[in-house]
Structure formats: C-alpha cells, structure tokens
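Engineer: This one is coords.txt, compact mmCIF, C-alpha atoms.
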```txt
# COMPACT_ATOMS: atom_id res chain seq x y z
CA MET A 277 210.10 317.86 122.13
CA ASN A 278 206.87 318.49 120.22
CA ASP A 279 208.71 318.41 116.93
CA ASN A 280 210.29 315.20 117.94
CA ARG A 281 206.93 313.66 118.72
CA THR A 282 205.36 314.74 115.46
CA LYS A 283 208.30 313.26 113.64
CA LYS A 284 207.99 309.97 115.45
CA LYS A 285 204.27 309.84 114.71
CA ALA A 286 204.81 310.52 111.03
CA PHE A 287 207.05 307.47 110.90
CA LEU A 288 204.76 305.03 112.68
CA PRO A 289 204.37 301.92 110.53
CA ARG A 290 200.80 301.13 109.50
CA LEU A 291 200.92 297.52 110.52
CA CYS A 292 200.95 296.40 114.13
CA LEU A 293 201.76 292.82 115.08
CA ILE A 294 200.65 291.84 118.57
CA SER A 295 202.28 288.79 120.14
CA SER A 296 200.10 285.72 120.61
CA GLY A 297 199.82 285.78 124.39
CA GLU A 298 201.01 282.17 124.32
CA GLU A 299 204.75 282.74 124.59
CA ARG A 300 206.54 280.38 126.95
CA ALA A 301 209.47 281.04 129.19
CA ASP A 302 211.65 278.51 127.38
CA ASN A 303 213.04 278.70 123.86
CA GLY A 304 211.32 278.40 120.49
CA THR A 305 208.93 281.30 120.81
CA LEU A 306 206.56 282.30 118.01
CA LEU A 307 207.39 285.96 118.47
CA LEU A 308 211.09 285.52 117.82
CA LYS A 309 210.31 283.46 114.70
CA GLN A 310 207.95 286.19 113.47
CA LEU A 311 210.55 288.90 114.05
CA ALA A 312 213.16 286.99 112.10
CA LEU A 313 210.67 286.54 109.22
CA LEU A 314 209.66 290.20 108.91
CA PRO A 315 210.07 291.23 105.26
CA ARG A 316 212.94 293.69 104.85
CA SER A 317 210.87 295.96 102.63
CA HIS A 318 208.32 296.91 105.30
CA SER A 319 208.44 298.30 108.80
CA CYS A 320 206.12 297.05 111.51
CA MET A 321 205.04 297.93 115.00
CA VAL A 322 205.51 294.90 117.20
CA GLN A 323 203.77 294.75 120.54
CA ILE A 324 204.90 292.20 123.13
CA ARG A 325 201.76 291.34 125.06
CA GLU A 326 202.26 288.27 127.21
CA LYS A 327 200.15 288.37 130.32
CA LYS A 328 201.11 284.87 131.42
CA LEU A 329 204.82 285.66 131.73
CA ASN A 330 206.34 287.17 134.86
CA ALA A 331 208.59 290.23 134.72
CA LYS A 332 211.80 288.20 134.60
CA GLU A 333 210.55 286.08 131.68
CA LEU A 334 209.18 289.14 129.89
CA LEU A 335 212.51 290.91 130.17
CA THR A 336 214.33 287.85 128.82
CA LEU A 337 211.93 287.71 125.86
CA ALA A 338 212.20 291.45 125.23
CA LEU A 339 216.00 291.32 125.30
CA LYS A 340 216.01 288.43 122.82
CA ALA A 341 213.61 290.33 120.57
CA ARG A 342 215.87 293.40 120.76
CA GLU A 343 218.87 291.35 119.64
CA ILE A 344 217.21 290.45 116.33
CA GLU A 345 218.08 292.67 113.40
CA LEU A 346 214.78 294.22 112.34
CA PRO A 347 213.71 296.00 109.13
CA GLU A 348 214.37 299.73 109.27
CA GLY A 349 211.63 301.68 111.01
CA THR A 350 210.33 298.66 112.88
CA LEU A 351 209.31 299.55 116.42
CA LEU A 352 209.34 297.20 119.40
CA LEU A 353 206.80 297.89 122.12
CA ILE A 354 205.78 296.07 125.27
CA ASN A 355 202.48 296.03 127.05
CA GLU A 356 202.30 298.52 129.94
CA ARG A 357 205.69 297.90 131.60
CA VAL A 358 207.82 301.01 131.11
CA ASP A 359 210.50 299.53 133.36
CA LEU A 360 210.90 296.53 131.05
CA ALA A 361 210.82 298.75 127.95
CA LEU A 362 213.68 300.82 129.36
CA ALA A 363 215.65 297.80 130.57
CA ALA A 364 215.44 296.10 127.15
CA ARG A 365 215.87 299.36 125.18
CA LEU A 366 212.53 298.95 123.43
CA ASP A 367 210.90 301.81 121.52
CA GLY A 368 207.73 302.14 123.50
CA VAL A 369 204.85 300.77 125.53
CA HIS A 370 201.25 300.03 124.80
CA LEU A 371 198.91 301.04 127.61
CA PRO A 372 195.64 299.26 128.37
CA GLU A 373 192.86 301.58 129.52
CA ASN A 374 193.50 300.88 133.20
CA ALA A 375 197.28 301.40 133.03
CA CYS A 376 199.12 304.26 134.69
CA SER A 377 198.58 307.28 132.43
CA ALA A 378 200.98 308.19 129.63
CA THR A 379 201.20 311.70 131.13
CA VAL A 380 202.69 310.25 134.32
CA LEU A 381 204.87 307.71 132.53
CA ARG A 382 206.37 310.34 130.24
CA THR A 383 207.86 311.97 133.34
CA ILE A 384 210.06 308.89 133.89
CA ALA A 385 210.55 307.85 130.25
CA PRO A 386 210.09 310.85 127.94
CA THR A 387 211.57 309.28 124.80
CA LEU A 388 209.30 306.23 124.59
CA ILE A 389 206.38 305.90 122.19
CA TYR A 390 203.07 305.62 124.04
CA GLY A 391 200.06 303.88 122.54
CA CYS A 392 196.69 303.70 124.26
CA SER A 393 193.81 301.26 123.99
CA VAL A 394 190.62 303.26 123.66
CA HIS A 395 187.15 301.80 124.20
CA SER A 396 185.33 304.83 125.61
CA GLN A 397 184.97 308.60 125.42
CA SER A 398 186.74 309.08 128.73
CA ALA A 399 189.66 306.91 127.61
CA LEU A 400 189.93 308.94 124.41
CA HIS A 401 189.93 312.14 126.43
CA LEU A 402 192.76 310.86 128.66
CA ALA A 403 194.79 309.59 125.70
CA GLU A 404 194.49 312.95 123.94
CA LYS A 405 195.44 314.83 127.09
CA ALA A 406 198.56 312.69 127.31
CA SER A 407 199.21 313.24 123.58
CA ALA A 408 199.39 309.51 122.98
CA ASP A 409 201.41 308.58 119.92
CA TYR A 410 198.66 306.30 118.64
CA LEU A 411 195.35 304.73 119.64
CA LEU A 412 194.26 301.12 119.41
CA PHE A 413 190.55 300.44 118.87
CA GLY A 414 188.64 297.17 118.74
CA PRO A 415 187.40 294.60 118.33
CA VAL A 416 186.17 295.95 115.00
CA PHE A 417 185.13 292.54 113.66
CA ASP A 418 184.22 289.28 115.36
CA THR A 419 187.25 287.49 116.74
CA PRO A 420 187.33 284.34 118.91
CA SER A 421 189.86 285.80 121.35
CA LYS A 422 187.67 288.79 122.18
CA ARG A 423 184.19 287.22 122.25
CA ILE A 424 184.17 287.26 126.04
CA TYR A 425 184.12 291.08 125.88
CA GLY A 426 180.83 291.09 123.96
CA PRO A 427 179.92 291.79 120.33
CA PRO A 428 182.35 293.54 117.98
CA GLN A 429 182.30 297.36 117.90
CA GLY A 430 181.91 297.50 114.14
CA LEU A 431 183.18 299.75 111.37
CA GLU A 432 180.82 302.62 112.20
CA LYS A 433 182.24 303.05 115.71
CA LEU A 434 185.74 302.90 114.26
CA GLY A 435 184.77 305.67 111.84
CA GLU A 436 183.33 307.79 114.66
CA LEU A 437 186.55 307.50 116.68
CA CYS A 438 188.72 308.38 113.68
CA GLN A 439 186.50 311.43 113.08
CA ALA A 440 186.70 312.48 116.72
CA THR A 441 190.50 312.47 117.00
CA SER A 442 193.54 313.61 115.09
CA LEU A 443 195.65 310.85 116.65
CA PRO A 444 196.52 307.82 114.48
CA VAL A 445 194.06 304.98 115.12
CA PHE A 446 194.91 301.31 114.64
CA ALA A 447 191.96 298.98 114.05
CA LEU A 448 192.11 295.65 115.90
CA GLY A 449 189.99 292.50 116.01
CA GLY A 450 189.20 290.06 113.21
CA ILE A 451 191.25 292.01 110.67
CA THR A 452 192.03 290.20 107.40
CA GLN A 453 193.53 291.18 104.04
CA LYS A 454 189.93 291.52 102.81
CA ASN A 455 188.46 293.81 105.46
CA ALA A 456 191.57 295.88 106.18
CA PRO A 457 190.75 298.36 103.36
CA LEU A 458 187.31 298.92 104.95
CA CYS A 459 189.04 300.05 108.14
CA MET A 460 191.33 302.36 106.20
CA ALA A 461 188.30 303.82 104.40
CA LYS A 462 186.82 304.69 107.80
CA GLY A 463 189.91 306.75 108.59
CA ALA A 464 192.09 304.23 110.39
CA TYR A 465 195.81 304.98 110.27
CA GLY A 466 196.67 301.28 110.27
CA ILE A 467 195.63 297.84 111.41
CA ALA A 468 196.69 295.54 114.23
CA ALA A 469 196.37 291.77 114.52
CA LEU A 470 197.42 288.70 116.48
CA SER A 471 196.07 285.46 115.02
CA LEU A 472 196.38 286.63 111.43
CA PHE A 473 200.12 286.28 111.90
CA HIS A 474 200.18 282.88 113.63
CA ASP A 475 200.85 280.88 110.48
CA THR A 476 204.60 281.39 110.14
CA ALA A 477 204.63 279.52 106.80
CA ARG A 478 202.60 282.35 105.27
CA PHE A 479 203.87 285.11 107.56
CA ALA A 480 205.91 287.24 105.16
CA GLU A 481 203.27 286.80 102.47
CA THR A 482 200.51 287.94 104.84
CA ILE A 483 202.43 291.11 105.65
CA GLU A 484 203.09 291.85 101.98
CA GLU A 485 199.40 291.33 101.15
CA LEU A 486 198.26 293.54 104.01
CA TYR A 487 200.56 296.33 102.94
CA ILE A 488 199.14 296.17 99.41
CA HIS A 489 195.60 296.30 100.79
CA ILE A 490 196.06 299.14 103.27
CA ASN A 491 198.19 301.44 101.17
CA PRO A 492 196.30 304.71 101.08
CA MET B 185 215.89 312.89 150.12
CA THR B 186 217.98 309.74 150.01
CA PRO B 187 216.09 306.95 151.74
CA VAL B 188 217.93 305.20 154.55
CA MET B 189 217.11 301.77 155.94
CA PRO B 190 215.52 302.15 159.39
CA SER B 191 217.54 301.31 162.45
CA SER B 192 217.07 297.85 163.86
CA PRO B 193 214.80 296.33 165.02
CA PHE B 194 212.01 297.51 162.75
CA LEU B 195 208.72 296.36 161.38
CA CYS B 196 207.77 296.15 157.70
CA VAL B 197 204.09 295.82 156.90
CA ILE B 198 203.16 294.36 153.53
CA THR B 199 199.72 295.18 152.18
CA ASP B 200 197.21 292.35 151.87
CA GLU B 201 195.41 291.78 148.54
CA ALA B 202 192.13 291.34 150.39
CA PHE B 203 192.12 294.77 152.04
CA CYS B 204 192.44 298.39 150.98
CA PRO B 205 196.18 299.14 151.05
CA LEU B 206 195.58 302.77 151.97
CA SER B 207 193.70 302.13 155.17
CA LEU B 208 196.12 299.34 156.08
CA ALA B 209 199.08 301.67 155.55
CA LYS B 210 197.44 304.37 157.67
CA GLN B 211 196.84 301.94 160.53
CA ALA B 212 200.28 300.35 160.33
CA LEU B 213 202.03 303.73 160.31
CA LYS B 214 199.96 304.85 163.26
CA GLY B 215 201.19 301.73 165.07
CA GLY B 216 204.84 302.51 164.25
CA ALA B 217 205.71 300.51 161.12
CA ALA B 218 208.99 301.70 159.57
CA ILE B 219 208.38 300.30 156.08
CA ILE B 220 205.19 299.85 154.07
CA GLN B 221 205.47 297.56 151.10
CA LEU B 222 202.71 298.03 148.54
CA ARG B 223 202.05 294.61 147.08
CA HIS B 224 199.01 294.01 144.93
CA LYS B 225 199.44 291.56 142.07
CA HIS B 226 195.93 292.02 140.68
CA ALA B 227 195.49 295.78 140.78
CA SER B 228 195.60 297.80 137.56
CA GLY B 229 198.64 299.96 136.84
CA ASN B 230 196.63 303.10 137.35
CA GLN B 231 195.24 301.97 140.69
CA LEU B 232 198.69 300.90 141.83
CA PHE B 233 200.16 304.27 140.93
CA LEU B 234 197.43 306.18 142.77
CA TRP B 235 197.89 304.05 145.88
CA ALA B 236 201.67 304.39 145.67
CA VAL B 237 201.49 308.19 145.58
CA GLU B 238 199.17 308.27 148.62
CA ILE B 239 201.14 305.71 150.61
CA CYS B 240 204.44 307.52 149.89
CA LYS B 241 202.92 310.69 151.26
CA LEU B 242 201.68 308.95 154.39
CA CYS B 243 205.00 307.17 154.91
CA HIS B 244 207.00 310.35 154.63
CA GLU B 245 204.74 312.11 157.11
CA HIS B 246 205.60 309.30 159.52
CA HIS B 247 209.32 309.17 158.59
CA ALA B 248 208.76 305.68 157.21
CA LEU B 249 209.71 304.17 153.84
CA CYS B 250 207.41 303.24 151.00
CA ILE B 251 208.55 300.25 148.94
CA ILE B 252 206.74 299.00 145.81
CA ASN B 253 206.56 295.30 145.02
CA ASP B 254 207.70 294.19 141.52
CA ARG B 255 206.77 297.34 139.54
CA VAL B 256 209.96 299.38 139.16
CA ASP B 257 208.12 301.77 136.81
CA ILE B 258 205.44 302.50 139.41
CA ALA B 259 208.14 303.06 142.03
CA MET B 260 209.87 305.55 139.73
CA ALA B 261 206.67 307.36 138.79
CA SER B 262 205.45 307.65 142.38
CA LYS B 263 208.94 308.57 143.67
CA ALA B 264 208.76 305.72 146.15
CA ASP B 265 211.79 304.92 148.29
CA GLY B 266 212.46 301.67 146.53
CA VAL B 267 211.26 298.35 145.17
CA HIS B 268 210.95 294.85 146.49
CA LEU B 269 211.73 292.19 143.90
CA GLY B 270 210.90 288.50 144.01
CA GLN B 271 212.98 285.86 142.26
CA GLN B 272 210.48 286.03 139.34
CA ASP B 273 210.77 289.79 138.94
CA MET B 274 213.24 292.01 137.13
CA PRO B 275 216.88 291.15 137.99
CA ILE B 276 218.63 293.50 140.44
CA ALA B 277 221.14 294.85 137.89
CA ALA B 278 218.38 296.04 135.56
CA ALA B 279 216.40 297.59 138.41
CA ARG B 280 219.51 299.32 139.77
CA GLN B 281 220.20 300.89 136.41
CA LEU B 282 216.70 302.37 136.35
CA LEU B 283 216.52 303.42 140.00
CA GLY B 284 220.09 304.61 140.57
CA GLU B 285 222.30 304.10 143.59
CA HIS B 286 220.17 305.86 146.15
CA ARG B 287 216.88 304.06 145.90
CA ILE B 288 216.40 300.89 147.97
CA ILE B 289 216.19 297.48 146.32
CA GLY B 290 215.03 294.56 148.43
CA ILE B 291 215.05 290.94 147.30
CA SER B 292 213.04 287.93 148.42
CA ALA B 293 215.27 284.98 149.19
CA SER B 294 214.11 281.55 150.31
CA SER B 295 217.53 279.92 150.66
CA LEU B 296 221.04 280.84 151.77
CA HIS B 297 222.11 280.54 148.14
CA GLU B 298 219.53 283.09 146.94
CA ALA B 299 220.40 285.40 149.82
CA MET B 300 224.13 285.36 149.01
CA GLN B 301 223.36 285.86 145.34
CA ALA B 302 221.24 288.91 146.19
CA GLU B 303 224.02 290.38 148.32
CA ASN B 304 226.52 289.86 145.48
CA ASP B 305 224.13 291.43 142.98
CA GLY B 306 223.90 294.62 145.01
CA ALA B 307 220.64 294.38 146.93
CA ASP B 308 220.07 296.74 149.88
CA TYR B 309 218.18 294.27 152.04
CA ILE B 310 216.95 290.71 151.91
CA GLY B 311 213.48 289.50 152.76
CA PHE B 312 214.27 286.04 154.10
CA GLY B 313 211.64 283.37 154.54
CA HIS B 314 209.28 281.98 155.07
CA ILE B 315 210.58 281.32 158.55
CA PHE B 316 207.40 279.80 159.99
CA PRO B 317 204.39 278.23 158.26
CA THR B 318 202.23 280.93 156.71
CA SER B 319 198.80 281.20 155.17
CA SER B 320 199.42 284.50 153.37
CA LYS B 321 201.07 283.02 150.31
CA GLU B 322 200.99 279.64 148.63
CA LYS B 323 204.33 277.99 149.29
CA ASP B 324 205.83 274.92 147.70
CA TYR B 325 208.65 274.46 150.19
CA SER B 326 208.76 273.95 153.94
CA PRO B 327 209.51 276.77 156.39
CA LEU B 328 213.19 277.67 156.79
CA GLY B 329 213.07 277.95 160.57
CA PRO B 330 214.98 280.35 162.88
CA GLU B 331 218.22 278.34 162.65
CA THR B 332 218.58 279.00 158.90
CA LEU B 333 217.85 282.65 159.60
CA ARG B 334 220.68 282.66 162.14
CA GLN B 335 223.02 281.20 159.49
CA ALA B 336 221.95 283.82 156.98
CA THR B 337 222.52 286.74 159.32
CA ALA B 338 225.95 285.33 160.22
CA LEU B 339 226.93 284.90 156.56
CA LEU B 340 225.65 288.18 155.17
CA SER B 341 226.34 291.79 155.96
CA LEU B 342 223.10 293.13 154.45
CA PRO B 343 220.08 293.83 156.64
CA ILE B 344 217.86 290.76 156.71
CA ILE B 345 214.12 291.05 157.19
CA ALA B 346 212.52 287.85 158.43
CA ILE B 347 209.16 287.01 156.89
CA GLY B 348 206.56 284.28 157.09
CA GLY B 349 204.24 283.32 159.93
CA ILE B 350 205.54 286.00 162.27
CA ASN B 351 203.44 287.23 165.20
CA HIS B 352 204.00 289.04 168.47
CA GLU B 353 204.91 285.79 170.19
CA ASN B 354 207.71 284.64 167.90
CA ALA B 355 208.99 287.96 166.50
CA ALA B 356 211.50 288.71 169.28
CA SER B 357 213.28 285.38 168.78
CA LEU B 358 214.02 286.33 165.16
CA ILE B 359 215.62 289.61 166.15
CA SER B 360 217.77 287.54 168.53
CA CYS B 361 218.75 285.45 165.49
CA GLY B 362 220.20 288.60 163.97
CA ALA B 363 217.31 289.79 161.80
CA SER B 364 217.26 293.58 161.36
CA GLY B 365 213.52 293.56 161.20
CA VAL B 366 210.44 291.47 160.57
CA ALA B 367 207.86 291.68 157.81
CA VAL B 368 204.24 290.72 158.23
CA ILE B 369 201.06 290.62 156.19
CA SER B 370 198.21 288.82 157.92
CA ALA B 371 199.37 289.51 161.50
CA ILE B 372 198.37 293.13 160.81
CA SER B 373 195.77 292.97 158.05
CA ARG B 374 193.66 290.30 159.76
CA ALA B 375 193.90 291.84 163.21
CA GLN B 376 190.79 293.43 164.66
CA ASP B 377 192.77 296.60 165.27
CA PRO B 378 195.72 296.76 162.83
CA ALA B 379 197.25 299.81 164.54
CA LEU B 380 197.20 298.12 167.92
CA ALA B 381 198.53 294.87 166.42
CA THR B 382 201.42 296.83 164.87
CA GLN B 383 202.19 298.46 168.19
CA LYS B 384 202.11 295.14 170.01
CA LEU B 385 204.41 293.49 167.46
CA LEU B 386 206.79 296.42 167.65
CA SER B 387 207.00 296.41 171.41
CA SER B 388 207.68 292.68 171.39
CA ILE B 389 210.62 293.06 168.98
CA ASN B 390 211.91 296.00 171.00
CA ARG B 391 211.90 293.82 174.10
CA SER B 392 214.34 291.47 172.36
CA ARG B 393 217.04 294.08 172.76
CA SER B 394 216.87 294.28 176.50
```
Could you write out this structure as structure tokens?

Structural biologist:
Amino acid sequence: MNDNRTKKKAFLPRLCLISSGEERADNGTLLLKQLALLPRSHSCMVQIREKKLNAKELLTLALKAREIELPEGTLLLINERVDLALAARLDGVHLPENACSATVLRTIAPTLIYGCSVHSQSALHLAEKASADYLLFGPVFDTPSKRIYGPPQGLEKLGELCQATSLPVFALGGITQKNAPLCMAKGAYGIAALSLFHDTARFAETIEELYIHINP
Amino acid sequence: MTPVMPSSPFLCVITDEAFCPLSLAKQALKGGAAIIQLRHKHASGNQLFLWAVEICKLCHEHHALCIINDRVDIAMASKADGVHLGQQDMPIAAARQLLGEHRIIGISASSLHEAMQAENDGADYIGFGHIFPTSSKEKDYSPLGPETLRQATALLSLPIIAIGGINHENAASLISCGASGVAVISAISRAQDPALATQKLLSSINRSRS
C-alpha cells in the first residue's frame, strides 16, 4: 500500500483547479465547461468545492463531471464528502482542517487520494500523521474571496511550511502566472486557484501559461 | 451485529442543533429511546464523527440504534447502525451501495408519493411528516395530519415513523393510525428533564396498545 501511495503522489499534477463555489443545481455549470476545455497536453487536479449545494445536487454535479473525458492523469476530487467521492467514482477528497481525519477516512475508503488544508502547526502534524497525499496552504497572496480570513500568509510562511514537511504543498490564494514561480521557488509542489480560471475564453491559455511558469 | 428495527411502538429522538447531542442522547437513552438520530447540519465533519462514535457506544450499551443524518461517510466511519436521508440528500441507491444490505436507511417523506417512492427504492423505514405543526424546522407546507398518516401506513409495508409536533398528548393517536414509532426533537430537547420527558412519551405510546 505504501508503494502505491508513493506512486500516486509522484503522479500528482502540479496545477489544482478549485471550482468557483457558485455552481447551481441546474445546467450550464462553469465547472463542466472548464473540464471540457482542459488542454489535452496537461493533467490537472480538479477540486469540486461547492458549499451551497446539498448532497443530492453535489452528487449530480460530480457524476456529470465524471462522465467528461479528461486529459490523462487528471484527478477529480470533492471537498470533504468521501461518500460522494465513492458514489461518483472520483479520485479523492480534499479535507478542510475541521473535517474528519484522513486516518479515519482511509479505513472506509483506502484507495482515495486525501489532501489536507493546513493553516497551523497542529493541522500539519495531523496531516503528516495521516500521510496526506498533499497539502493546501494559503492564502499566499491577497485575494478578494479570502479577505474575511485576515491578511495573506505570504511567501515566507509558504517557504517555512515547505521546509517543514516532505509532503507536496500546493500554494493557494491570489496566484497568477506572474507570482506562481515565486511559490515554486519557495518549495511549493504546485499551485491552486479558483478565480484565475473563471474566464473560460482564456481558460486553456491560462493553464498553458501556468504550466510554462511553474515547470521546475 | 446486524442492526434490527426496534419492535413497535418505539421512540426515536433526534438531536437538536441548539443542544449538545451527547448529553441529549444520554438522557433520551436513559428514558428509553430506541433510536437516536444524530442530526447537526452546522457541525464540522470532525466534530460529527467524534459525536457519532460516542453516541453509537451509548446506544449499543442501551440496545438502541444510532442513525446518522445525511452523512453516509460519517455513518460508515463511526460504524453507526444506519443513515437518515432527506429528499435533498444522497439517493437511496447510492447510499445502499456504500452501506450494504444490513445497515438501516431511513428516508424523510412529506407526501404519500415520496413515501411510496422510498419504499420502492429500498428504504428500511420512512420518517413521515410533519404530522402536526412544528417549530423545530422551517416548513413550507402545511401539516399532513393523522389521516394522511393512516393512509400511508395502510399503503406501505415499511415501518413508518411519525414526526412533527408530537408530544405525550398526541403520540398515542399516531400509533393507533398505524405508525411503528414516533420521532421527536423539541419535545425532548426543550424539556426541563429530557429523560423524564422521554419516559413520559414512551409510556403514552405504550398505552395506545392496550
């Protein structure tokens, strides 16, 4: 099982697309458009994070997302709900800090990929104990959607986390083509974003540009 | 152990968002509740899991069942006896695939149509209501009334748990309408002595048999 996990980790894409949080229960969702537009040449992690949808709507969205033919290596994850990940045959779940621990969840779904949001030492400790497959850290830069949580954490804090752990760290919050290389220089494994991907007219281009900028 | 639905008439106590579910469960079990449903829409996943583990333990000590609202994953992880799903939650078929044949799946139904659908889909019990006006949940439809409950119990073979505005004065009449049990939130959580309130409710539904 350990071998398996290492293998999975080695193949994690370096770009993580997080859904807008504005998906609606009816048709015409941004997420499904984005998935259809993913450039064939690159793999992506895609995290379905839609707190306004109920479980039934989330499952419907996840099943629709699963039906789309995705570039090889692309991974579909959903926020927190292991039951929905299993029901829609997704690849994993992303766990907020206050979610049920990955250690516990692995007992019911051992093959899923588990990512953990990490904002504190204790959260890092728990994520490491659970051998999380990746960590998500942010907001690194100022971003309108996260201003309510206080000032950005900054590049230095990102660097400290990357130093402190051997787990892959994704930088989140105000990431652009310009500042993505700064995150990589601090030891980030990859970058994650929401609003950067909202413009579907430039979507494929944005992904191509990011991949050029973050290539180590 | 394979969970079995309690024999009729029984009492299901649903936890109230405004109170600690652990102490409520303790009191309700002391008073004789046969099912505790952990329902907390605003709690974190971690908190929900920790409560679920504790409540399962308490329930099993009292030979009662622990049912988790909405979160099939939390039910699986805590080895609860089953889940209770609303019409906005995961569909029964998907939940059944995850939980297997032996775990209990209950469904909320607010019409005969929804109740029959749930029976067809393979539910183990139906939470039917609200029967009377209730303050526990915001409702956008009027109470179903005991007569609709009577129709439901005549039409369906699944156990039906009546819910909504039930207290020790009206509970017995619902058992007479064919309900296998009754479910309550505020009648227990808002009582001065939840254990005593549970006992009182239970003895009133037991009287309906004689």

Engineer: Could you produce a table of the residues of chain A lying within 7 Å of chain B, with the nearest pair of atoms per residue and their separation in Å rounded to one decimal, using only C-alpha atoms, ordered by chain and increasing residue number, as a tab-separated table?

Structural biologist:
```
residue	atom	partner	partner_atom	distance
A:Asn330	CA	B:Gln272	CA	6.2
A:Ala331	CA	B:Asp273	CA	4.8
A:Lys332	CA	B:Asp273	CA	4.7
A:Arg357	CA	B:Asp257	CA	6.9
A:Val358	CA	B:Asp257	CA	5.8
A:Asp359	CA	B:Asp257	CA	4.8
A:Ala363	CA	B:Ala278	CA	6.0
A:Asn374	CA	B:Asn230	CA	5.7
A:Ala375	CA	B:Gly229	CA	4.3
A:Cys376	CA	B:Asn230	CA	3.8
A:Ser377	CA	B:Asn230	CA	6.7
A:Val380	CA	B:Ala261	CA	6.6
A:Leu381	CA	B:Ala261	CA	6.5
A:Ile384	CA	B:Ala261	CA	6.2
```

Engineer: Would you save the residues of that selection, restricted to C-alpha atoms, as a PDB file, in the frame of the given file?

Structural biologist:
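Contents of the output file again.pdb:
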```
ATOM      1  CA  ASN A 330     206.340 287.170 134.860  1.00  0.00           C
ATOM      2  CA  ALA A 331     208.590 290.230 134.720  1.00  0.00           C
ATOM      3  CA  LYS A 332     211.800 288.200 134.600  1.00  0.00           C
ATOM      4  CA  ARG A 357     205.690 297.900 131.600  1.00  0.00           C
ATOM      5  CA  VAL A 358     207.820 301.010 131.110  1.00  0.00           C
ATOM      6  CA  ASP A 359     210.500 299.530 133.360  1.00  0.00           C
ATOM      7  CA  ALA A 363     215.650 297.800 130.570  1.00  0.00           C
ATOM      8  CA  ASN A 374     193.500 300.880 133.200  1.00  0.00           C
ATOM      9  CA  ALA A 375     197.280 301.400 133.030  1.00  0.00           C
ATOM     10  CA  CYS A 376     199.120 304.260 134.690  1.00  0.00           C
ATOM     11  CA  SER A 377     198.580 307.280 132.430  1.00  0.00           C
ATOM     12  CA  VAL A 380     202.690 310.250 134.320  1.00  0.00           C
ATOM     13  CA  LEU A 381     204.870 307.710 132.530  1.00  0.00           C
ATOM     14  CA  ILE A 384     210.060 308.890 133.890  1.00  0.00           C
TER      15      ILE A 384
END
```

Engineer: Do you know which residues are at most 9 Å from stretch 429-445 of chain A counting all atoms listed in the file, after dropping those on the same chain fewer than 3 positions away, and could you put them as a list in words?

Structural biologist: Lys285, Leu288, Gln397, Leu400, Glu404, Ser407, Ala408, Asp409, Tyr410, Leu411, Leu412, Phe413, Gly414, Pro415, Val416, Phe417, Asp418, Gly426, Leu458, Cys459, Ala461, Lys462, Gly463, Ala464, Tyr465, Gly466 and Ile467 of chain A

Engineer: Please provide as an MDAnalysis selection string all residues within 10 Å of A:Thr476, with the sequence filter that same-chain residues fewer than 3 positions apart are discarded (counting all atoms listed in the file).

Structural biologist: chainID A and resid 306:307 309:310 313 472:473 479:482

Engineer: Report, in Å with one decimal, the straight-line distance from atom CA of B:Ala248 to atom CA of B:Gly216.

Structural biologist: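 Those two atoms sit 8.7 Å apart.
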
Engineer: If we draw a sphere of 12 Å around (209.8, 274.0, 153.0), which residues have at least one atom in it when counting all atoms listed in the file? Please report them as a ChimeraX atom specification.

Structural biologist: /B:294-295,313-318,322-329,332,348

Engineer: Next, the residues of the selection above should be written as a JSON list (two decimals), in the frame of the given file with C-alpha atoms.

Structural biologist:
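Writing the result to out.json gives the following:
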```
[["chain", "number", "residue", "atom", "x", "y", "z"],
["B", 294, "SER", "CA", 214.11, 281.55, 150.31],
["B", 295, "SER", "CA", 217.53, 279.92, 150.66],
["B", 313, "GLY", "CA", 211.64, 283.37, 154.54],
["B", 314, "HIS", "CA", 209.28, 281.98, 155.07],
["B", 315, "ILE", "CA", 210.58, 281.32, 158.55],
["B", 316, "PHE", "CA", 207.40, 279.80, 159.99],
["B", 317, "PRO", "CA", 204.39, 278.23, 158.26],
["B", 318, "THR", "CA", 202.23, 280.93, 156.71],
["B", 322, "GLU", "CA", 200.99, 279.64, 148.63],
["B", 323, "LYS", "CA", 204.33, 277.99, 149.29],
["B", 324, "ASP", "CA", 205.83, 274.92, 147.70],
["B", 325, "TYR", "CA", 208.65, 274.46, 150.19],
["B", 326, "SER", "CA", 208.76, 273.95, 153.94],
["B", 327, "PRO", "CA", 209.51, 276.77, 156.39],
["B", 328, "LEU", "CA", 213.19, 277.67, 156.79],
["B", 329, "GLY", "CA", 213.07, 277.95, 160.57],
["B", 332, "THR", "CA", 218.58, 279.00, 158.90],
["B", 348, "GLY", "CA", 206.56, 284.28, 157.09]]
```
